[in-house]
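K.L.:
The structure file run_5.cif (mmCIF, C-alpha atoms) is provided below.
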```cif
data_run
loop_
_atom_site.label_atom_id
_atom_site.label_comp_id
_atom_site.auth_asym_id
_atom_site.auth_seq_id
_atom_site.Cartn_x
_atom_site.Cartn_y
_atom_site.Cartn_z
CA MET A 252 54.22 236.62 13.03
CA LYS A 253 57.43 234.86 14.00
CA LYS A 254 56.30 231.76 12.10
CA LEU A 255 55.64 233.88 9.03
CA VAL A 256 59.09 235.51 9.17
CA HIS A 257 60.67 232.10 9.71
CA ALA A 258 58.81 230.69 6.70
CA LEU A 259 59.88 233.62 4.53
CA VAL A 260 63.52 233.21 5.58
CA LEU A 261 63.41 229.49 4.77
CA THR A 262 61.78 230.22 1.42
CA GLY A 263 64.50 232.75 0.67
CA LEU A 264 67.24 230.29 1.58
CA VAL A 265 65.70 227.59 -0.58
CA GLY A 266 65.45 230.06 -3.43
CA MET A 267 69.08 231.04 -2.99
CA SER A 268 70.16 227.39 -2.91
CA THR A 269 68.19 226.63 -6.05
CA PHE A 270 69.75 229.65 -7.80
CA ALA A 271 73.24 228.62 -6.71
CA MET A 272 72.71 225.07 -7.93
CA ALA A 273 71.43 226.37 -11.27
CA ALA A 274 74.54 228.54 -11.61
CA GLU A 275 76.84 225.65 -10.74
CA GLU A 276 75.10 223.40 -13.25
CA SER A 277 75.42 225.79 -16.19
CA PRO A 278 75.96 223.84 -19.41
CA HIS A 279 78.52 226.42 -20.53
CA SER A 280 82.14 226.60 -19.40
CA LEU A 281 85.21 228.62 -20.29
CA SER A 282 88.82 227.74 -19.63
CA ALA A 283 92.16 229.31 -20.49
CA ASN A 284 95.81 228.40 -20.41
CA VAL A 285 99.19 230.10 -20.76
CA GLY A 286 102.66 228.61 -20.86
CA LEU A 287 106.36 229.26 -21.34
CA PHE A 288 108.29 226.60 -23.28
CA SER A 289 112.02 226.31 -23.95
CA ASP A 290 111.16 225.16 -27.50
CA TYR A 291 107.91 224.78 -29.43
CA VAL A 292 107.92 221.24 -30.84
CA PHE A 293 104.88 220.18 -32.88
CA ARG A 294 104.66 216.58 -34.03
CA GLY A 295 108.40 216.18 -33.62
CA ILE A 296 109.39 219.30 -35.57
CA SER A 297 110.65 222.45 -33.86
CA GLN A 298 108.53 225.47 -34.79
CA THR A 299 110.93 227.98 -33.22
CA GLY A 300 114.31 226.58 -34.25
CA GLY A 301 115.20 225.78 -30.65
CA ASP A 302 114.14 229.18 -29.29
CA PRO A 303 111.63 229.68 -26.43
CA ALA A 304 107.91 230.10 -27.03
CA VAL A 305 105.09 231.82 -25.17
CA GLN A 306 101.74 230.16 -25.77
CA GLY A 307 98.16 230.60 -24.66
CA GLY A 308 94.62 229.54 -25.45
CA LEU A 309 90.95 230.06 -24.65
CA ASP A 310 88.31 227.32 -24.82
CA TYR A 311 84.52 227.19 -24.65
CA SER A 312 82.69 223.93 -24.04
CA HIS A 313 79.05 222.90 -23.71
CA SER A 314 77.70 220.01 -21.70
CA SER A 315 76.41 218.49 -24.94
CA GLY A 316 80.02 217.85 -25.96
CA PHE A 317 80.33 220.76 -28.41
CA TYR A 318 83.46 222.90 -28.06
CA LEU A 319 85.27 225.83 -29.68
CA GLY A 320 88.69 227.25 -29.00
CA THR A 321 91.62 229.31 -30.12
CA TRP A 322 95.31 229.05 -29.35
CA GLY A 323 98.45 230.94 -30.28
CA SER A 324 102.24 230.82 -30.15
CA ASN A 325 105.28 232.52 -31.58
CA VAL A 326 107.06 230.56 -34.33
CA GLY A 327 110.30 230.96 -36.29
CA TRP A 328 109.97 228.71 -39.33
CA LEU A 329 107.96 231.13 -41.48
CA GLU A 330 110.98 233.39 -41.98
CA ASP A 331 113.70 230.75 -41.52
CA PHE A 332 112.17 227.95 -43.57
CA GLN A 333 109.31 229.29 -45.67
CA GLY A 334 110.78 232.54 -46.96
CA TYR A 335 108.29 234.92 -45.33
CA ASP A 336 109.56 238.52 -45.26
CA SER A 337 107.90 238.82 -41.86
CA GLY A 338 105.80 236.47 -39.77
CA ASN A 339 106.37 234.94 -36.37
CA VAL A 340 102.92 233.97 -35.07
CA GLU A 341 100.70 230.89 -35.27
CA ILE A 342 96.99 231.24 -34.50
CA ASP A 343 94.76 228.17 -34.40
CA VAL A 344 90.97 228.09 -34.39
CA TYR A 345 89.23 224.77 -33.78
CA GLY A 346 85.92 223.21 -32.89
CA GLY A 347 84.24 219.86 -32.62
CA PHE A 348 82.22 217.42 -30.61
CA ARG A 349 83.39 214.94 -27.97
CA GLY A 350 81.88 212.58 -25.45
CA GLY A 351 81.64 209.03 -24.16
CA ILE A 352 80.48 205.89 -25.94
CA GLY A 353 77.83 204.27 -23.78
CA GLN A 354 79.19 202.30 -20.83
CA THR A 355 82.31 201.13 -22.67
CA GLY A 356 84.69 203.57 -21.04
CA LEU A 357 85.66 204.77 -24.51
CA THR A 358 85.66 208.46 -25.49
CA PHE A 359 85.59 210.11 -28.90
CA ASP A 360 86.53 213.49 -30.33
CA LEU A 361 85.60 214.71 -33.82
CA GLY A 362 86.59 218.13 -35.07
CA ALA A 363 88.45 220.48 -37.37
CA ILE A 364 91.26 222.98 -36.92
CA GLN A 365 92.54 225.87 -39.00
CA TYR A 366 96.22 226.74 -38.57
CA MET A 367 96.83 230.37 -39.53
CA TYR A 368 100.18 232.09 -39.98
CA PRO A 369 99.72 235.83 -40.53
CA GLY A 370 102.62 237.72 -42.03
CA ASP A 371 104.26 238.97 -45.20
CA GLU A 372 104.32 235.84 -47.34
CA ASN A 373 107.02 234.86 -49.81
CA PRO A 374 106.15 236.74 -53.04
CA ASP A 375 107.28 233.78 -55.16
CA PRO A 376 104.00 232.21 -56.42
CA THR A 377 105.67 228.78 -56.59
CA VAL A 378 106.24 228.74 -52.83
CA ALA A 379 103.36 227.16 -50.93
CA LYS A 380 101.62 229.08 -48.15
CA ALA A 381 101.74 227.92 -44.55
CA ASP A 382 98.01 228.07 -43.65
CA THR A 383 96.61 224.58 -43.21
CA THR A 384 93.18 222.98 -42.66
CA GLU A 385 92.87 219.69 -40.78
CA VAL A 386 89.99 217.44 -39.75
CA TYR A 387 90.50 214.85 -37.05
CA ALA A 388 88.98 211.92 -35.19
CA ALA A 389 90.22 210.53 -31.88
CA LEU A 390 89.35 207.53 -29.73
CA GLY A 391 90.39 207.31 -26.09
CA TRP A 392 90.34 204.71 -23.33
CA LYS A 393 91.60 205.49 -19.83
CA TRP A 394 95.18 206.68 -20.32
CA PHE A 395 95.44 205.94 -24.06
CA THR A 396 94.45 207.95 -27.13
CA ALA A 397 94.64 207.29 -30.86
CA LYS A 398 94.08 210.26 -33.16
CA TYR A 399 93.92 210.44 -36.94
CA SER A 400 94.31 213.79 -38.70
CA TYR A 401 93.54 214.35 -42.38
CA TYR A 402 94.43 217.47 -44.36
CA VAL A 403 91.85 218.99 -46.68
CA SER A 404 93.75 222.14 -47.69
CA ASP A 405 95.87 222.06 -50.83
CA GLU A 406 98.85 223.40 -48.88
CA VAL A 407 99.99 221.61 -45.71
CA PHE A 408 102.45 223.50 -43.48
CA GLY A 409 104.26 224.94 -46.48
CA PHE A 410 104.12 221.89 -48.77
CA GLY A 411 102.09 222.40 -51.93
CA ASN A 412 99.68 220.03 -53.69
CA ALA A 413 99.46 218.13 -50.41
CA ASP A 414 95.75 217.69 -49.71
CA GLY A 415 95.18 214.11 -48.59
CA SER A 416 98.22 214.13 -46.31
CA ASP A 417 97.63 212.56 -42.91
CA TYR A 418 99.05 212.10 -39.43
CA LEU A 419 98.47 209.24 -37.00
CA ASP A 420 99.15 209.87 -33.30
CA ILE A 421 99.16 207.19 -30.59
CA SER A 422 99.80 208.45 -27.07
CA ALA A 423 99.52 207.54 -23.40
CA SER A 424 99.32 209.71 -20.29
CA LEU A 425 99.65 207.80 -17.02
CA PRO A 426 99.27 209.42 -13.56
CA ILE A 427 101.81 208.01 -11.09
CA GLY A 428 99.64 207.26 -8.08
CA GLU A 429 98.82 210.32 -5.99
CA THR A 430 102.27 211.89 -6.44
CA GLY A 431 101.13 214.58 -8.86
CA PHE A 432 103.49 213.24 -11.54
CA THR A 433 102.19 212.14 -14.94
CA ALA A 434 104.32 210.12 -17.36
CA GLY A 435 103.64 210.42 -21.07
CA ALA A 436 104.65 208.61 -24.25
CA HIS A 437 103.83 209.27 -27.89
CA TRP A 438 104.47 207.91 -31.37
CA GLY A 439 103.31 209.52 -34.59
CA THR A 440 103.75 209.19 -38.32
CA PHE A 441 103.29 211.97 -40.89
CA SER A 442 102.65 211.19 -44.56
CA PHE A 443 102.72 214.04 -47.07
CA GLU A 444 100.75 213.56 -50.29
CA ASN A 445 102.94 214.22 -53.36
CA ASN A 446 105.82 215.20 -51.04
CA GLY A 447 107.09 211.79 -49.95
CA ALA A 448 110.58 213.04 -49.06
CA ALA A 449 109.03 214.98 -46.17
CA ASP A 450 107.47 211.87 -44.54
CA TYR A 451 108.69 210.99 -41.07
CA ASP A 452 107.92 209.26 -37.77
CA ASP A 453 108.30 210.99 -34.42
CA TRP A 454 108.28 209.86 -30.80
CA LYS A 455 108.28 211.52 -27.39
CA VAL A 456 108.56 210.71 -23.69
CA SER A 457 107.59 213.23 -21.01
CA LEU A 458 107.16 213.77 -17.29
CA ALA A 459 104.92 216.50 -15.82
CA TYR A 460 104.24 217.57 -12.26
CA ASP A 461 101.07 219.19 -10.91
CA MET A 462 102.32 221.90 -8.56
CA GLY A 463 98.86 222.16 -7.04
CA LYS A 464 100.02 219.23 -4.90
CA LEU A 465 102.31 221.65 -3.07
CA SER A 466 99.95 224.53 -2.33
CA ASP A 467 96.62 226.07 -3.27
CA VAL A 468 98.63 229.05 -4.48
CA THR A 469 100.12 226.95 -7.29
CA SER A 470 96.84 225.24 -8.24
CA GLY A 471 96.64 224.78 -12.00
CA VAL A 472 100.39 225.19 -12.47
CA THR A 473 102.28 222.39 -14.24
CA VAL A 474 106.00 221.97 -14.84
CA GLY A 475 107.35 219.37 -17.21
CA VAL A 476 110.14 218.04 -19.37
CA ALA A 477 109.94 216.12 -22.64
CA TYR A 478 112.35 214.53 -25.09
CA THR A 479 111.32 214.34 -28.76
CA ASP A 480 113.05 212.78 -31.74
CA THR A 481 112.26 211.90 -35.36
CA ASP A 482 113.62 210.07 -38.37
CA ALA A 483 112.92 213.13 -40.55
CA ASP A 484 115.23 213.77 -43.50
CA SER A 485 117.56 216.63 -42.58
CA ALA A 486 117.77 217.63 -46.26
CA VAL A 487 114.06 218.53 -46.10
CA TRP A 488 113.64 219.71 -42.52
CA THR A 489 116.63 222.06 -42.13
CA ASP A 490 115.85 225.78 -41.92
CA GLY A 491 117.67 228.78 -43.36
CA ASN A 492 119.95 228.88 -40.31
CA ASN A 493 121.09 225.28 -40.92
CA GLN A 494 119.10 224.15 -37.87
CA PHE A 495 117.74 220.60 -38.29
CA LEU A 496 114.19 221.05 -37.05
CA GLY A 497 113.54 217.33 -36.53
CA ASP A 498 116.60 216.56 -34.40
CA GLY A 499 116.36 215.15 -30.87
CA THR A 500 115.06 217.93 -28.63
CA THR A 501 114.62 218.31 -24.87
CA THR A 502 111.91 220.77 -23.88
CA VAL A 503 111.02 222.11 -20.45
CA TRP A 504 107.90 224.08 -19.70
CA LEU A 505 105.84 225.91 -17.11
CA SER A 506 102.11 226.32 -17.71
CA LYS A 507 99.04 227.60 -15.90
CA ALA A 508 95.43 226.55 -16.47
CA PHE A 509 92.55 228.82 -15.47
#
```
For the file at hand, write its structure as structure tokens.
P.N.:
Amino acid sequence: MKKLVHALVLTGLVGMSTFAMAAEESPHSLSANVGLFSDYVFRGISQTGGDPAVQGGLDYSHSSGFYLGTWGSNVGWLEDFQGYDSGNVEIDVYGGFRGGIGQTGLTFDLGAIQYMYPGDENPDPTVAKADTTEVYAALGWKWFTAKYSYYVSDEVFGFGNADGSDYLDISASLPIGETGFTAGAHWGTFSFENNGAADYDDWKVSLAYDMGKLSDVTSGVTVGVAYTDTDADSAVWTDGNNQFLGDGTTTVWLSKAF
């Protein structure tokens, strides 16, 4: 009798272990993030005119490499730059496929993103809308990434007749030993189809710290600082408040990943 009970207990434990392993090895995963930024700078251009931004996102990924996500932030340029009667939110929806390339150590990422700016648009039919559709391809190796983005929508961030515009981004993110610090550098160039005066290059240097190094309580929390600058033409990239959106900007942030 004792042997039977012992066998049943062992069987139960094995079953529980198998179930736990199956749960841990689920091909599906969800992650989320939220952050507070002193300025929202996107590809060298301030989206909030130097004002703070609250941002957050939710991502789903599958072990096959397929992923979907959404992300949002407050913005200021719709009213200040684009003539919206009301509108201060950006909502992005994106999806794609990513993975490794054999044993080369290289990674790839192919996808598309829709930038949406809900609000009361400028009633003038000659003013381009802000909503933008982008497809992208990225190649990574260790700490380095090169990403090419191509715009398939007719309107690109408020510039009309601009399908075929593109952006090239080359960046590096280098952990500094086991300190929890990560140094970053970036260079990008934006070319606007049929809107050549808006073309510009941008660059950024950053330093971030993983506060999980201090305590389990702060696991997933990151603080950072970045400096961004551009050679954008102030005659094109100045908002209605005479704020040059492409000027040198220092941004600090606090974010949490879940």
K.L.:
Kindly assemble as CSV a list of the segment 385-438 of chain A residues that lie within 12 Å of segment 488-504 of chain A, each paired with its nearest atom pair and their distance in Å to one decimal, using all atoms listed in the file, sorted first by chain and then by ascending residue number.
P.N.:
```
residue,atom,partner,partner_atom,distance
A:Phe408,CA,A:Trp488,CA,11.9
A:Gly409,CA,A:Trp488,CA,11.4
A:Phe410,CA,A:Trp488,CA,11.6
```
K.L.:
Can you pull out the residues contacting segment 326-330 of chain A? Cut-off 12 Å, using all atoms listed in the file, and skip same-chain residues under 6 positions away; I want them as an MDAnalysis selection string.
P.N.:
chainID A and resid 288 290:293 296:306 336:342 367:373 378:382 408:409 488:496
K.L.:
Leu357 of chain A: which residues within 12 Å, counting all atoms listed in the file, same-chain residues fewer than 6 positions away excluded, as a count of residues only?
P.N.:
12
K.L.:
Using the chain letters and residue numbers of this document, give as a compact mmCIF listing (two decimals) with C-alpha atoms, in the coordinates of the input the residues selected by the PyMOL selection byres ((chain A and resi 433-441) around 8).
P.N.:
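Wrote expr_12.txt, looks like this:
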```txt
# COMPACT_ATOMS: atom_id res chain seq x y z
CA ARG A 294 104.66 216.58 -34.03
CA SER A 416 98.22 214.13 -46.31
CA ASP A 417 97.63 212.56 -42.91
CA TYR A 418 99.05 212.10 -39.43
CA LEU A 419 98.47 209.24 -37.00
CA ASP A 420 99.15 209.87 -33.30
CA ILE A 421 99.16 207.19 -30.59
CA SER A 422 99.80 208.45 -27.07
CA ALA A 423 99.52 207.54 -23.40
CA SER A 424 99.32 209.71 -20.29
CA LEU A 425 99.65 207.80 -17.02
CA PRO A 426 99.27 209.42 -13.56
CA ILE A 427 101.81 208.01 -11.09
CA GLY A 431 101.13 214.58 -8.86
CA PHE A 432 103.49 213.24 -11.54
CA SER A 442 102.65 211.19 -44.56
CA PHE A 443 102.72 214.04 -47.07
CA ASP A 450 107.47 211.87 -44.54
CA TYR A 451 108.69 210.99 -41.07
CA ASP A 452 107.92 209.26 -37.77
CA ASP A 453 108.30 210.99 -34.42
CA TRP A 454 108.28 209.86 -30.80
CA LYS A 455 108.28 211.52 -27.39
CA VAL A 456 108.56 210.71 -23.69
CA SER A 457 107.59 213.23 -21.01
CA LEU A 458 107.16 213.77 -17.29
CA ALA A 459 104.92 216.50 -15.82
CA TYR A 460 104.24 217.57 -12.26
```
K.L.:
Distance atom CA of Val386 of chain A-atom CA of Leu361 of chain A, one decimal place?
P.N.:
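So the two atoms, atom CA of Val386 of chain A and atom CA of Leu361 of chain A, lie 7.9 Å apart.
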K.L.:
I need the residue nearest Ile364 of chain A from this list: A:Gly346, A:Gly307, A:Pro376, A:Gly316. Use only C-alpha atoms for the distance.
P.N.:
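Nearest to Ile364 of chain A: A:Gly346.
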K.L.:
Excluding same-chain residues fewer than 2 positions from Asn445 of chain A, what lies within 7 Å of it counting only C-alpha atoms, as an mmCIF file with C-alpha atoms, in the coordinates of the input?
P.N.:
```
data_model
loop_
_atom_site.group_PDB
_atom_site.id
_atom_site.type_symbol
_atom_site.label_atom_id
_atom_site.label_comp_id
_atom_site.auth_asym_id
_atom_site.auth_seq_id
_atom_site.Cartn_x
_atom_site.Cartn_y
_atom_site.Cartn_z
ATOM 1 C CA ASN A 412 99.680 220.030 -53.690
ATOM 2 C CA ALA A 413 99.460 218.130 -50.410
ATOM 3 C CA PHE A 443 102.720 214.040 -47.070
ATOM 4 C CA GLY A 447 107.090 211.790 -49.950
#
```
K.L.:
One decimal, Å: what's the distance from atom CA of Ser485 of chain A over to atom CA of Phe332 of chain A, could you say?
P.N.:
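Computing it gives 12.6 Å between the two atoms.
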K.L.:
Find the distance between atom CA of Leu319 of chain A and atom CA of Gly362 of chain A and write it in Å to one decimal.
P.N.:
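Interatomic distance here is 9.5 Å.
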K.L.:
Please define a box with edges along x, y and z of the file around all atoms of segment 429-436 of chain A given in the file, extend it by 8 Å on each side, and return its centre and edge lengths in Å to one decimal, as lines of an AutoDock Vina configuration file.
P.N.:
```
center_x = 101.7
center_y = 211.6
center_z = -15.1
size_x = 21.8
size_y = 22.0
size_z = 34.3
```
K.L.:
With distances taken over all atoms listed in the file, which of A:Ser277, A:Asp360, A:Thr355, A:Asp414 is nearest to Phe317 of chain A?
P.N.:
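Looking only at the distances to Phe317 of chain A, the closest residue turns out to be A:Asp360.
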K.L.:
With distances taken over all atoms listed in the file, which of A:Thr469, A:Ser280, A:Asn446, A:Thr358 is nearest to Gly411 of chain A?
P.N.:
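With all atoms listed in the file as the atom set, the closest residue is A:Asn446.
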